[in-house]
Structure formats: C-alpha cells, structure tokens
file protein.tsv (TSV, C-alpha atoms and all ligand atoms)
chain	number	residue	atom	x	y	z
C	27	MET	CA	-52.44	41.23	45.05
C	28	LYS	CA	-51.12	37.68	44.76
C	29	PHE	CA	-50.20	36.09	41.44
C	30	GLY	CA	-50.13	32.41	40.51
C	31	VAL	CA	-49.39	30.40	37.39
C	32	LEU	CA	-51.28	27.19	36.63
C	33	ALA	CA	-48.51	24.59	36.81
C	34	LEU	CA	-50.17	21.39	35.61
C	35	GLN	CA	-48.39	21.27	32.23
C	36	GLY	CA	-46.76	23.62	29.73
C	37	ASP	CA	-44.36	26.54	30.04
C	38	PHE	CA	-45.42	27.81	33.48
C	39	ARG	CA	-41.80	28.37	34.59
C	40	GLU	CA	-41.27	30.91	31.81
C	41	HIS	CA	-44.34	32.87	32.95
C	42	ILE	CA	-43.08	32.86	36.53
C	43	SER	CA	-39.70	34.18	35.32
C	44	ALA	CA	-41.42	36.89	33.27
C	45	LEU	CA	-43.35	38.05	36.36
C	46	ASN	CA	-40.24	37.79	38.59
C	47	HIS	CA	-38.41	39.97	36.06
C	48	LEU	CA	-41.02	42.68	36.78
C	49	GLY	CA	-40.49	42.27	40.52
C	50	ILE	CA	-43.66	40.20	40.99
C	51	ALA	CA	-43.62	36.93	42.95
C	52	ALA	CA	-45.82	34.12	41.62
C	53	ASP	CA	-46.86	30.76	43.05
C	54	GLU	CA	-47.12	27.52	41.11
C	55	ILE	CA	-50.78	26.49	41.26
C	56	ARG	CA	-51.56	22.77	41.29
C	57	SER	CA	-54.43	22.47	43.75
C	58	VAL	CA	-57.69	24.15	44.70
C	59	ALA	CA	-56.16	25.23	48.02
C	60	GLU	CA	-53.30	26.98	46.19
C	61	LEU	CA	-55.77	28.63	43.81
C	62	ASP	CA	-57.80	29.93	46.73
C	63	SER	CA	-54.89	32.07	47.91
C	64	ILE	CA	-54.38	34.10	44.71
C	65	ASP	CA	-56.03	37.09	43.01
C	66	ALA	CA	-54.57	36.71	39.51
C	67	LEU	CA	-53.85	33.57	37.49
C	68	ILE	CA	-51.82	32.93	34.36
C	69	ILE	CA	-52.72	29.86	32.30
C	70	PRO	CA	-49.60	28.99	30.27
C	71	GLY	CA	-48.99	27.66	26.80
C	72	GLY	CA	-48.82	23.91	26.45
C	73	GLU	CA	-51.52	21.51	25.37
C	74	SER	CA	-55.06	22.59	26.19
C	75	THR	CA	-56.46	19.05	26.14
C	76	THR	CA	-53.82	17.81	28.61
C	77	ILE	CA	-54.29	20.83	30.89
C	78	SER	CA	-58.05	20.11	30.73
C	79	LEU	CA	-57.65	16.48	31.83
C	80	LEU	CA	-55.29	17.41	34.67
C	81	ALA	CA	-57.52	20.29	35.83
C	82	LYS	CA	-60.52	17.96	35.92
C	83	SER	CA	-58.64	15.35	37.94
C	84	THR	CA	-57.64	17.94	40.57
C	85	GLY	CA	-60.99	19.77	40.76
C	86	LEU	CA	-59.27	22.90	39.45
C	87	ASP	CA	-61.67	23.04	36.49
C	88	LYS	CA	-64.68	23.95	38.62
C	89	ALA	CA	-62.63	26.06	41.04
C	90	ILE	CA	-61.09	28.20	38.26
C	91	LEU	CA	-64.49	28.63	36.58
C	92	GLN	CA	-65.94	29.79	39.87
C	93	LYS	CA	-63.09	32.21	40.55
C	94	ILE	CA	-63.33	33.72	37.07
C	95	LYS	CA	-67.05	34.27	37.67
C	96	SER	CA	-66.30	36.02	40.93
C	97	GLY	CA	-63.78	38.37	39.35
C	98	MET	CA	-60.32	36.78	39.43
C	99	TYR	CA	-57.89	38.33	36.93
C	100	VAL	CA	-56.72	35.78	34.35
C	101	TYR	CA	-54.28	35.82	31.47
C	102	GLY	CA	-53.92	32.85	29.11
C	103	SER	CA	-51.24	32.40	26.46
C	104	CYS	CA	-51.83	30.04	23.53
C	105	ALA	CA	-53.28	26.88	25.17
C	106	GLY	CA	-54.40	29.25	27.93
C	107	MET	CA	-56.30	31.30	25.34
C	108	ILE	CA	-58.06	28.16	24.12
C	109	LEU	CA	-59.11	27.27	27.67
C	110	LEU	CA	-60.49	30.79	28.24
C	111	ALA	CA	-62.53	30.90	25.03
C	112	SER	CA	-66.30	30.58	24.85
C	113	GLU	CA	-66.17	28.54	21.62
C	114	ILE	CA	-63.48	26.06	20.54
C	115	LEU	CA	-63.30	24.67	17.01
C	116	ASP	CA	-61.27	21.49	16.35
C	117	GLY	CA	-61.06	20.84	20.08
C	118	ARG	CA	-61.86	17.68	21.99
C	119	LEU	CA	-65.50	17.51	23.01
C	120	ASP	CA	-64.56	16.99	26.66
C	121	GLN	CA	-62.05	19.85	26.89
C	122	ILE	CA	-62.67	22.70	29.29
C	123	LYS	CA	-64.21	25.98	28.17
C	124	PHE	CA	-63.93	28.58	30.90
C	125	SER	CA	-65.77	31.07	28.66
C	126	GLY	CA	-64.03	34.03	30.26
C	127	LEU	CA	-63.65	35.59	26.83
C	128	ASP	CA	-66.39	35.90	24.24
C	129	ILE	CA	-64.22	34.57	21.40
C	130	THR	CA	-64.25	31.65	18.98
C	131	VAL	CA	-60.85	30.01	18.49
C	132	ARG	CA	-59.73	27.27	16.16
C	133	ARG	CA	-57.06	25.04	17.69
C	134	ASN	CA	-53.91	24.87	15.56
C	135	GLY	CA	-55.81	27.22	13.25
C	136	PHE	CA	-52.81	28.67	11.43
C	137	GLY	CA	-52.41	25.35	9.61
C	138	ARG	CA	-49.72	22.72	9.58
C	139	GLN	CA	-47.35	24.46	7.17
C	140	VAL	CA	-46.91	27.28	9.66
C	141	ASP	CA	-46.77	25.23	12.85
C	142	SER	CA	-44.40	27.79	14.33
C	143	PHE	CA	-43.46	31.29	13.27
C	144	GLU	CA	-42.37	34.67	14.58
C	145	LYS	CA	-43.95	37.87	13.43
C	146	GLU	CA	-43.60	41.53	14.33
C	147	LEU	CA	-46.88	42.80	15.74
C	148	THR	CA	-48.16	46.32	16.12
C	149	THR	CA	-50.12	46.64	19.32
C	150	ASN	CA	-52.88	49.15	19.93
C	151	LEU	CA	-50.66	50.52	22.70
C	152	GLY	CA	-48.41	51.93	19.98
C	153	GLU	CA	-45.55	49.53	20.68
C	154	HIS	CA	-44.09	46.84	18.47
C	155	PHE	CA	-43.66	43.32	19.63
C	156	VAL	CA	-42.27	40.13	18.11
C	157	GLY	CA	-44.86	37.41	18.67
C	158	ILE	CA	-43.80	33.76	18.81
C	159	PHE	CA	-46.59	31.50	17.56
C	160	ILE	CA	-46.41	27.74	18.19
C	161	ARG	CA	-49.35	25.69	16.89
C	162	ALA	CA	-51.31	28.75	17.85
C	163	PRO	CA	-55.09	29.11	18.06
C	164	LEU	CA	-56.67	31.29	15.39
C	165	VAL	CA	-59.24	33.73	16.75
C	166	GLN	CA	-62.09	33.51	14.27
C	167	ASP	CA	-64.68	35.63	16.00
C	168	VAL	CA	-64.80	38.16	18.84
C	169	GLY	CA	-67.88	39.42	20.68
C	170	SER	CA	-68.67	43.11	21.02
C	171	GLY	CA	-67.38	43.26	24.61
C	172	VAL	CA	-63.89	42.14	23.64
C	173	ASP	CA	-61.04	44.62	23.10
C	174	VAL	CA	-58.46	43.66	20.50
C	175	LEU	CA	-55.04	44.88	21.68
C	176	ALA	CA	-53.05	43.47	18.76
C	177	SER	CA	-53.82	41.72	15.52
C	178	LEU	CA	-51.92	40.08	12.72
C	179	GLU	CA	-52.43	40.29	8.97
C	180	THR	CA	-52.95	36.73	7.74
C	181	SER	CA	-54.33	35.05	4.65
C	182	TYR	CA	-57.62	34.96	6.59
C	183	GLY	CA	-57.55	38.77	6.96
C	184	PRO	CA	-56.65	40.69	10.14
C	185	THR	CA	-56.67	38.20	13.01
C	186	PRO	CA	-56.81	39.25	16.69
C	187	VAL	CA	-53.82	37.85	18.60
C	188	TRP	CA	-54.13	39.77	21.89
C	189	VAL	CA	-57.58	40.27	23.38
C	190	ARG	CA	-59.07	41.40	26.63
C	191	GLN	CA	-62.55	41.40	28.13
C	192	ASN	CA	-62.68	43.12	31.51
C	193	ARG	CA	-60.42	41.07	33.83
C	194	VAL	CA	-59.69	38.28	31.36
C	195	MET	CA	-56.91	38.57	28.80
C	196	ALA	CA	-55.32	36.22	26.27
C	197	THR	CA	-52.65	36.08	23.57
C	198	SER	CA	-52.37	33.45	20.85
C	199	PHE	CA	-48.59	34.00	20.97
C	200	HIS	CA	-46.03	33.38	23.72
C	201	PRO	CA	-44.58	36.59	25.24
C	202	GLU	CA	-43.12	34.44	28.03
C	203	LEU	CA	-40.60	33.13	25.49
C	204	THR	CA	-39.27	36.61	24.68
C	205	LYS	CA	-37.44	39.26	26.66
C	206	ASN	CA	-40.10	41.86	25.92
C	207	SER	CA	-42.24	42.42	29.05
C	208	LEU	CA	-45.01	44.46	27.42
C	209	VAL	CA	-47.76	41.87	27.77
C	210	HIS	CA	-46.86	40.79	31.31
C	211	GLN	CA	-46.47	44.44	32.36
C	212	TYR	CA	-49.94	45.16	30.95
C	213	PHE	CA	-51.40	42.25	32.95
C	214	VAL	CA	-49.64	43.36	36.13
C	215	ASP	CA	-50.87	46.94	35.62
C	216	LEU	CA	-54.41	45.67	35.06
C	217	VAL	CA	-54.31	43.59	38.26
C	218	MET	CA	-52.80	46.49	40.21
C	219	GLY	CA	-55.58	48.79	39.01
C	220	LYS	CA	-53.22	51.03	37.00
C	221	ILE	CA	-55.30	50.53	33.87
C	222	SER	CA	-59.03	50.09	33.69
J	1	LIG	N1	-52.21	23.67	20.02
J	1	LIG	C1	-52.10	23.66	21.46
J	1	LIG	C2	-53.42	23.28	22.12
J	1	LIG	O1	-54.34	22.91	21.47
J	1	LIG	C3	-51.62	24.99	21.98
J	1	LIG	C4	-50.19	25.23	21.58
J	1	LIG	C5	-49.43	26.09	22.51
J	1	LIG	O2	-49.83	26.41	23.65
J	1	LIG	N2	-48.23	26.44	22.09
J	1	LIG	O3	-53.51	23.36	23.30
call {"tool": "encode", "arguments": {"input": "protein.tsv", "output": "structure tokens", "more": "lines below"}}
Ligand code: GLN
result
Amino acid sequence: MKFGVLALQGDFREHISALNHLGIAADEIRSVAELDSIDALIIPGGESTTISLLAKSTGLDKAILQKIKSGMYVYGSCAGMILLASEILDGRLDQIKFSGLDITVRRNGFGRQVDSFEKELTTNLGEHFVGIFIRAPLVQDVGSGVDVLASLETSYGPTPVWVRQNRVMATSFHPELTKNSLVHQYFVDLVMGKIS
C-alpha cells in the first residue's frame, strides 16, 4: 500500500516524518497524477480555506472526492478534519467539503482565548496521549456511523477529538507535532488491514 501526504500547504513534512518514523515511505502529493498512484492520503493541518483554493486550482478537489468515494484511506488532522467533514460551521461558503465523515465541525470552535493548548487525552484504545490543539475545529455533532476514538472534556461537554468512519479518520489535534506515534500507527494498521 502506498501512502501520500497532501502537500499544498500546512505541516505536511511533519506527517511524512511521522510515517517515516514508523518505517513507512510517503510521497508529497501536489497533482492528480501523484494522487492516482497512492492508496492512502493524509491531509495535514494548516488552513482549510487555503488548502481548498489550491486543491481547486490543481483539480485535486474533484480527484480526492472521487478517490474517497472509491475507497481510498484518508486521515485528516485539524484543517484536514475540516476538509473531511460533511458540515462546516464558520467556514467560507466556497471551501471544500469532502464529506468523508458524517460530522459537523465549527472552525476555530474552541474560541479565541484558547487559540492553542495542550491537553492529555484518554483514547478508547486505553492509551493516553497529549493532544496539541491549534485553532482547532470543534466537533459539534457526529452521525451514528462515526466511531469516537478519543474525546475531550470541555465547557461544551465531552467533545470528540479523534473520529473514524470506515476508511476515513480525523483528529482535531496535531499528533504529527508530538513524538507519540499512536495515531499514525493506528492509521497505518488500518490501511494495512491489521484493524477493521
Ligand atoms: N483553523 C484552521 C482552518 O480553519 C485549522 C487550524 C489548523 O490546522 N491548525 O483551517
């Protein structure tokens, strides 16, 4: 299975390093031809509106949508989660919605006073994880087909921060900025068929 990281904007290099650390090679994806050669894509953190504009100008918007529909594995962190959502609140009207995950997210939903924070998370896999949140999307609603792998206690109540629906997965935090490989290992295992 071949991995790629969408390299239009954002912290794609950190995702490539995280995969390399697990012994997985990953291509930088900037064109439809490069996308065609991979089985699993990571959409990095960055700015979802900028990634949207660049994806539209390269035709990657339609190509990614098509590949998700035909079963490509995808993981999005932060901005990547926003792009994968089926409903975006406080987004730009023209920004992409790949709708790979039946979730409603609010961009920058944790509010200005907590633009960035770190918090210890308990995952449903029984492991702890320090999540780095940077102007993170707040997951406000999840559909019945979505598994919540980790959530965070907030003033809004328990908020999902790691979700998965079949082959599509997202985190509102940035595991690529930590040394903990739990999330990337989970994605690799999913792509390799080690977890169902
Ligand atoms: N707030 C950003 C957006 O709307 C996401 C921030 C991030 O990826 N760290 O895309």
call {"tool": "atom_distance", "arguments": {"input": "protein.tsv", "atom1": "atom CA of C:Gln191", "atom2": "atom CA of C:Ile42"}}
result
22.9 Å
call {"tool": "residues_around", "arguments": {"input": "protein.tsv", "residues": "C:Glu73", "least_positions_apart": "2", "cutoff": "10 Å", "atoms": "all atoms listed in the file", "output": "list in words"}}
result
Gln35, Gly36, Asp37, Pro70, Gly71, Thr75, Thr76, Ile77, Ser78, Cys104, Ala105, Gly106, Ile108, Leu109 and Arg161 of chain C
call {"tool": "closest_residue", "arguments": {"input": "protein.tsv", "among": "C:Ala111, C:Met27, C:Leu119, C:Leu32", "to": "C:Ile90", "atoms": "all atoms listed in the file"}}
result
C:Leu32
call {"tool": "residues_near_ligand", "arguments": {"input": "protein.tsv", "ligand": "ligand LIG 1 (chain J)", "cutoff": "12 Å", "atoms": "only C-alpha atoms and all ligand atoms", "output": "number ranges by chain"}}
result
C: 35-38, 69-79, 102-111, 114-118, 121-122, 131-138, 141-143, 157-164, 196-203
call {"tool": "atom_distance", "arguments": {"input": "protein.tsv", "atom1": "atom CA of C:Ser181", "atom2": "atom CA of C:His154"}}
result
20.9 Å
call {"tool": "closest_residue", "arguments": {"input": "protein.tsv", "among": "C:Ile129, C:Ile94, C:Val187, C:Leu175", "to": "C:Tyr212", "atoms": "only C-alpha atoms"}}
result
C:Leu175
call {"tool": "closest_residue", "arguments": {"input": "protein.tsv", "among": "C:Ala52, C:Leu151, C:Val168, C:Leu178", "to": "C:Val31", "atoms": "only C-alpha atoms"}}
result
C:Ala52
call {"tool": "closest_residue", "arguments": {"input": "protein.tsv", "among": "C:Ser177, C:Asn150, C:Thr185, C:Thr130", "to": "C:Ser112", "atoms": "only C-alpha atoms"}}
result
C:Thr130
call {"tool": "residues_around", "arguments": {"input": "protein.tsv", "residues": "C:Val156", "least_positions_apart": "3", "cutoff": "7 Å", "atoms": "all atoms listed in the file", "output": "list in words"}}
result
Glu144, Lys145, Glu146 and Leu147 of chain C
call {"tool": "residues_around", "arguments": {"input": "protein.tsv", "residues": "C:Lys88", "least_positions_apart": "3", "cutoff": "12 Å", "atoms": "all atoms listed in the file", "output": "list in words"}}
result
Ser57, Val58, Leu61, Ser78, Ala81, Lys82, Ser83, Thr84, Gly85, Leu91, Gln92, Lys93, Ile94, Lys95, Ile122, Lys123 and Phe124 of chain C
call {"tool": "write_last_selection", "arguments": {"input": "protein.tsv", "atoms": "C-alpha atoms", "output": "mmCIF file, keeping the file's coordinate frame"}}
result
data_model
loop_
_atom_site.group_PDB
_atom_site.id
_atom_site.type_symbol
_atom_site.label_atom_id
_atom_site.label_comp_id
_atom_site.auth_asym_id
_atom_site.auth_seq_id
_atom_site.Cartn_x
_atom_site.Cartn_y
_atom_site.Cartn_z
ATOM 1 C CA SER C 57 -54.430 22.470 43.750
ATOM 2 C CA VAL C 58 -57.690 24.150 44.700
ATOM 3 C CA LEU C 61 -55.770 28.630 43.810
ATOM 4 C CA SER C 78 -58.050 20.110 30.730
ATOM 5 C CA ALA C 81 -57.520 20.290 35.830
ATOM 6 C CA LYS C 82 -60.520 17.960 35.920
ATOM 7 C CA SER C 83 -58.640 15.350 37.940
ATOM 8 C CA THR C 84 -57.640 17.940 40.570
ATOM 9 C CA GLY C 85 -60.990 19.770 40.760
ATOM 10 C CA LEU C 91 -64.490 28.630 36.580
ATOM 11 C CA GLN C 92 -65.940 29.790 39.870
ATOM 12 C CA LYS C 93 -63.090 32.210 40.550
ATOM 13 C CA ILE C 94 -63.330 33.720 37.070
ATOM 14 C CA LYS C 95 -67.050 34.270 37.670
ATOM 15 C CA ILE C 122 -62.670 22.700 29.290
ATOM 16 C CA LYS C 123 -64.210 25.980 28.170
ATOM 17 C CA PHE C 124 -63.930 28.580 30.900
#
call {"tool": "closest_residue", "arguments": {"input": "protein.tsv", "among": "C:Asn192, C:Thr148, C:Ser222, C:Ser207", "to": "C:Ser43", "atoms": "all atoms listed in the file"}}
result
C:Ser207
call {"tool": "atom_distance", "arguments": {"input": "protein.tsv", "atom1": "atom CA of C:Ile50", "atom2": "atom CA of C:Val214"}}
result
8.3 Å
call {"tool": "residues_near_point", "arguments": {"input": "protein.tsv", "point": "(-47.6, 29.4, 45.1)", "cutoff": "10 Å", "atoms": "all atoms listed in the file", "output": "PDB file with C-alpha atoms, in the coordinates of the input"}}
result
ATOM      1  CA  LYS C  28     -51.120  37.680  44.760  1.00  0.00           C
ATOM      2  CA  PHE C  29     -50.200  36.090  41.440  1.00  0.00           C
ATOM      3  CA  GLY C  30     -50.130  32.410  40.510  1.00  0.00           C
ATOM      4  CA  VAL C  31     -49.390  30.400  37.390  1.00  0.00           C
ATOM      5  CA  LEU C  32     -51.280  27.190  36.630  1.00  0.00           C
ATOM      6  CA  ALA C  33     -48.510  24.590  36.810  1.00  0.00           C
ATOM      7  CA  ALA C  51     -43.620  36.930  42.950  1.00  0.00           C
ATOM      8  CA  ALA C  52     -45.820  34.120  41.620  1.00  0.00           C
ATOM      9  CA  ASP C  53     -46.860  30.760  43.050  1.00  0.00           C
ATOM     10  CA  GLU C  54     -47.120  27.520  41.110  1.00  0.00           C
ATOM     11  CA  ILE C  55     -50.780  26.490  41.260  1.00  0.00           C
ATOM     12  CA  ARG C  56     -51.560  22.770  41.290  1.00  0.00           C
ATOM     13  CA  SER C  57     -54.430  22.470  43.750  1.00  0.00           C
ATOM     14  CA  ALA C  59     -56.160  25.230  48.020  1.00  0.00           C
ATOM     15  CA  GLU C  60     -53.300  26.980  46.190  1.00  0.00           C
ATOM     16  CA  LEU C  61     -55.770  28.630  43.810  1.00  0.00           C
ATOM     17  CA  SER C  63     -54.890  32.070  47.910  1.00  0.00           C
ATOM     18  CA  ILE C  64     -54.380  34.100  44.710  1.00  0.00           C
TER      19      ILE C  64
END
call {"tool": "residues_around", "arguments": {"input": "protein.tsv", "residues": "C:Ala66", "least_positions_apart": "4", "cutoff": "6 Å", "atoms": "all atoms listed in the file", "output": "mmCIF file with C-alpha atoms, keeping the file's coordinate frame"}}
result
data_model
loop_
_atom_site.group_PDB
_atom_site.id
_atom_site.type_symbol
_atom_site.label_atom_id
_atom_site.label_comp_id
_atom_site.auth_asym_id
_atom_site.auth_seq_id
_atom_site.Cartn_x
_atom_site.Cartn_y
_atom_site.Cartn_z
ATOM 1 C CA PHE C 29 -50.200 36.090 41.440
ATOM 2 C CA MET C 98 -60.320 36.780 39.430
ATOM 3 C CA TYR C 99 -57.890 38.330 36.930
ATOM 4 C CA VAL C 100 -56.720 35.780 34.350
#
call {"tool": "build_atoms", "arguments": {"input": "protein.tsv", "residues": "stretch 117-128 of chain C", "atoms": "all heavy atoms", "output": "PDB file, in the frame of the given file"}}
result
ATOM      1  N   GLY C 117     -61.495  21.278  18.747  1.00  0.00           N
ATOM      2  CA  GLY C 117     -61.060  20.840  20.080  1.00  0.00           C
ATOM      3  C   GLY C 117     -61.551  19.442  20.359  1.00  0.00           C
ATOM      4  O   GLY C 117     -62.168  18.800  19.504  1.00  0.00           O
ATOM      5  N   ARG C 118     -61.249  18.941  21.553  1.00  0.00           N
ATOM      6  CA  ARG C 118     -61.860  17.680  21.990  1.00  0.00           C
ATOM      7  C   ARG C 118     -63.181  18.024  22.670  1.00  0.00           C
ATOM      8  O   ARG C 118     -63.276  19.032  23.371  1.00  0.00           O
ATOM      9  CB  ARG C 118     -60.943  17.003  23.024  1.00  0.00           C
ATOM     10  CG  ARG C 118     -59.892  16.132  22.407  1.00  0.00           C
ATOM     11  CD  ARG C 118     -59.037  15.521  23.489  1.00  0.00           C
ATOM     12  NE  ARG C 118     -59.849  14.759  24.444  1.00  0.00           N
ATOM     13  CZ  ARG C 118     -59.482  13.603  24.976  1.00  0.00           C
ATOM     14  NH1 ARG C 118     -58.309  13.076  24.654  1.00  0.00           N
ATOM     15  NH2 ARG C 118     -60.246  12.980  25.836  1.00  0.00           N
ATOM     16  N   LEU C 119     -64.168  17.193  22.473  1.00  0.00           N
ATOM     17  CA  LEU C 119     -65.500  17.510  23.010  1.00  0.00           C
ATOM     18  C   LEU C 119     -65.475  17.694  24.528  1.00  0.00           C
ATOM     19  O   LEU C 119     -66.225  18.491  25.078  1.00  0.00           O
ATOM     20  CB  LEU C 119     -66.490  16.391  22.654  1.00  0.00           C
ATOM     21  CG  LEU C 119     -66.980  16.417  21.214  1.00  0.00           C
ATOM     22  CD1 LEU C 119     -67.925  15.271  20.953  1.00  0.00           C
ATOM     23  CD2 LEU C 119     -67.642  17.764  20.888  1.00  0.00           C
ATOM     24  N   ASP C 120     -64.560  16.942  25.189  1.00  0.00           N
ATOM     25  CA  ASP C 120     -64.560  16.990  26.660  1.00  0.00           C
ATOM     26  C   ASP C 120     -63.578  18.037  27.200  1.00  0.00           C
ATOM     27  O   ASP C 120     -63.331  18.092  28.391  1.00  0.00           O
ATOM     28  CB  ASP C 120     -64.223  15.611  27.237  1.00  0.00           C
ATOM     29  CG  ASP C 120     -62.865  15.106  26.776  1.00  0.00           C
ATOM     30  OD1 ASP C 120     -62.243  15.741  25.885  1.00  0.00           O
ATOM     31  OD2 ASP C 120     -62.416  14.077  27.316  1.00  0.00           O
ATOM     32  N   GLN C 121     -63.008  18.890  26.319  1.00  0.00           N
ATOM     33  CA  GLN C 121     -62.050  19.850  26.890  1.00  0.00           C
ATOM     34  C   GLN C 121     -62.761  21.045  27.509  1.00  0.00           C
ATOM     35  O   GLN C 121     -63.885  21.379  27.143  1.00  0.00           O
ATOM     36  CB  GLN C 121     -60.976  20.240  25.875  1.00  0.00           C
ATOM     37  CG  GLN C 121     -61.270  21.304  24.864  1.00  0.00           C
ATOM     38  CD  GLN C 121     -60.011  21.577  24.023  1.00  0.00           C
ATOM     39  OE1 GLN C 121     -59.777  20.946  23.004  1.00  0.00           O
ATOM     40  NE2 GLN C 121     -59.204  22.537  24.450  1.00  0.00           N
ATOM     41  N   ILE C 122     -62.065  21.638  28.493  1.00  0.00           N
ATOM     42  CA  ILE C 122     -62.670  22.700  29.290  1.00  0.00           C
ATOM     43  C   ILE C 122     -62.851  23.971  28.476  1.00  0.00           C
ATOM     44  O   ILE C 122     -62.014  24.328  27.656  1.00  0.00           O
ATOM     45  CB  ILE C 122     -61.745  23.054  30.477  1.00  0.00           C
ATOM     46  CG1 ILE C 122     -61.594  21.872  31.415  1.00  0.00           C
ATOM     47  CG2 ILE C 122     -62.257  24.252  31.244  1.00  0.00           C
ATOM     48  CD1 ILE C 122     -60.550  22.113  32.481  1.00  0.00           C
ATOM     49  N   LYS C 123     -63.952  24.659  28.749  1.00  0.00           N
ATOM     50  CA  LYS C 123     -64.210  25.980  28.170  1.00  0.00           C
ATOM     51  C   LYS C 123     -64.558  26.891  29.335  1.00  0.00           C
ATOM     52  O   LYS C 123     -65.667  26.843  29.849  1.00  0.00           O
ATOM     53  CB  LYS C 123     -65.426  25.878  27.241  1.00  0.00           C
ATOM     54  CG  LYS C 123     -65.134  26.116  25.824  1.00  0.00           C
ATOM     55  CD  LYS C 123     -66.299  25.998  24.889  1.00  0.00           C
ATOM     56  CE  LYS C 123     -67.623  25.618  25.496  1.00  0.00           C
ATOM     57  NZ  LYS C 123     -68.638  25.211  24.535  1.00  0.00           N
ATOM     58  N   PHE C 124     -63.619  27.711  29.778  1.00  0.00           N
ATOM     59  CA  PHE C 124     -63.930  28.580  30.900  1.00  0.00           C
ATOM     60  C   PHE C 124     -64.839  29.742  30.488  1.00  0.00           C
ATOM     61  O   PHE C 124     -65.460  30.389  31.328  1.00  0.00           O
ATOM     62  CB  PHE C 124     -62.644  29.137  31.539  1.00  0.00           C
ATOM     63  CG  PHE C 124     -61.864  28.098  32.302  1.00  0.00           C
ATOM     64  CD1 PHE C 124     -60.517  27.883  32.048  1.00  0.00           C
ATOM     65  CD2 PHE C 124     -62.477  27.334  33.281  1.00  0.00           C
ATOM     66  CE1 PHE C 124     -59.787  26.934  32.751  1.00  0.00           C
ATOM     67  CE2 PHE C 124     -61.761  26.381  33.996  1.00  0.00           C
ATOM     68  CZ  PHE C 124     -60.417  26.179  33.723  1.00  0.00           C
ATOM     69  N   SER C 125     -64.882  30.026  29.186  1.00  0.00           N
ATOM     70  CA  SER C 125     -65.770  31.070  28.660  1.00  0.00           C
ATOM     71  C   SER C 125     -65.572  32.436  29.311  1.00  0.00           C
ATOM     72  O   SER C 125     -66.516  33.203  29.456  1.00  0.00           O
ATOM     73  CB  SER C 125     -67.248  30.653  28.802  1.00  0.00           C
ATOM     74  OG  SER C 125     -67.492  29.496  28.068  1.00  0.00           O
ATOM     75  N   GLY C 126     -64.328  32.720  29.697  1.00  0.00           N
ATOM     76  CA  GLY C 126     -64.030  34.030  30.260  1.00  0.00           C
ATOM     77  C   GLY C 126     -63.945  35.101  29.189  1.00  0.00           C
ATOM     78  O   GLY C 126     -64.020  36.299  29.479  1.00  0.00           O
ATOM     79  N   LEU C 127     -63.768  34.670  27.953  1.00  0.00           N
ATOM     80  CA  LEU C 127     -63.650  35.590  26.830  1.00  0.00           C
ATOM     81  C   LEU C 127     -64.674  35.186  25.771  1.00  0.00           C
ATOM     82  O   LEU C 127     -64.757  34.000  25.414  1.00  0.00           O
ATOM     83  CB  LEU C 127     -62.261  35.478  26.184  1.00  0.00           C
ATOM     84  CG  LEU C 127     -61.085  36.096  26.911  1.00  0.00           C
ATOM     85  CD1 LEU C 127     -59.780  35.561  26.320  1.00  0.00           C
ATOM     86  CD2 LEU C 127     -61.123  37.613  26.805  1.00  0.00           C
ATOM     87  N   ASP C 128     -65.391  36.174  25.259  1.00  0.00           N
ATOM     88  CA  ASP C 128     -66.390  35.900  24.240  1.00  0.00           C
ATOM     89  C   ASP C 128     -65.696  35.832  22.868  1.00  0.00           C
ATOM     90  O   ASP C 128     -65.789  36.757  22.058  1.00  0.00           O
ATOM     91  CB  ASP C 128     -67.439  37.039  24.303  1.00  0.00           C
ATOM     92  CG  ASP C 128     -68.575  36.814  23.351  1.00  0.00           C
ATOM     93  OD1 ASP C 128     -68.706  35.692  22.826  1.00  0.00           O
ATOM     94  OD2 ASP C 128     -69.336  37.783  23.124  1.00  0.00           O
TER      95      ASP C 128
END
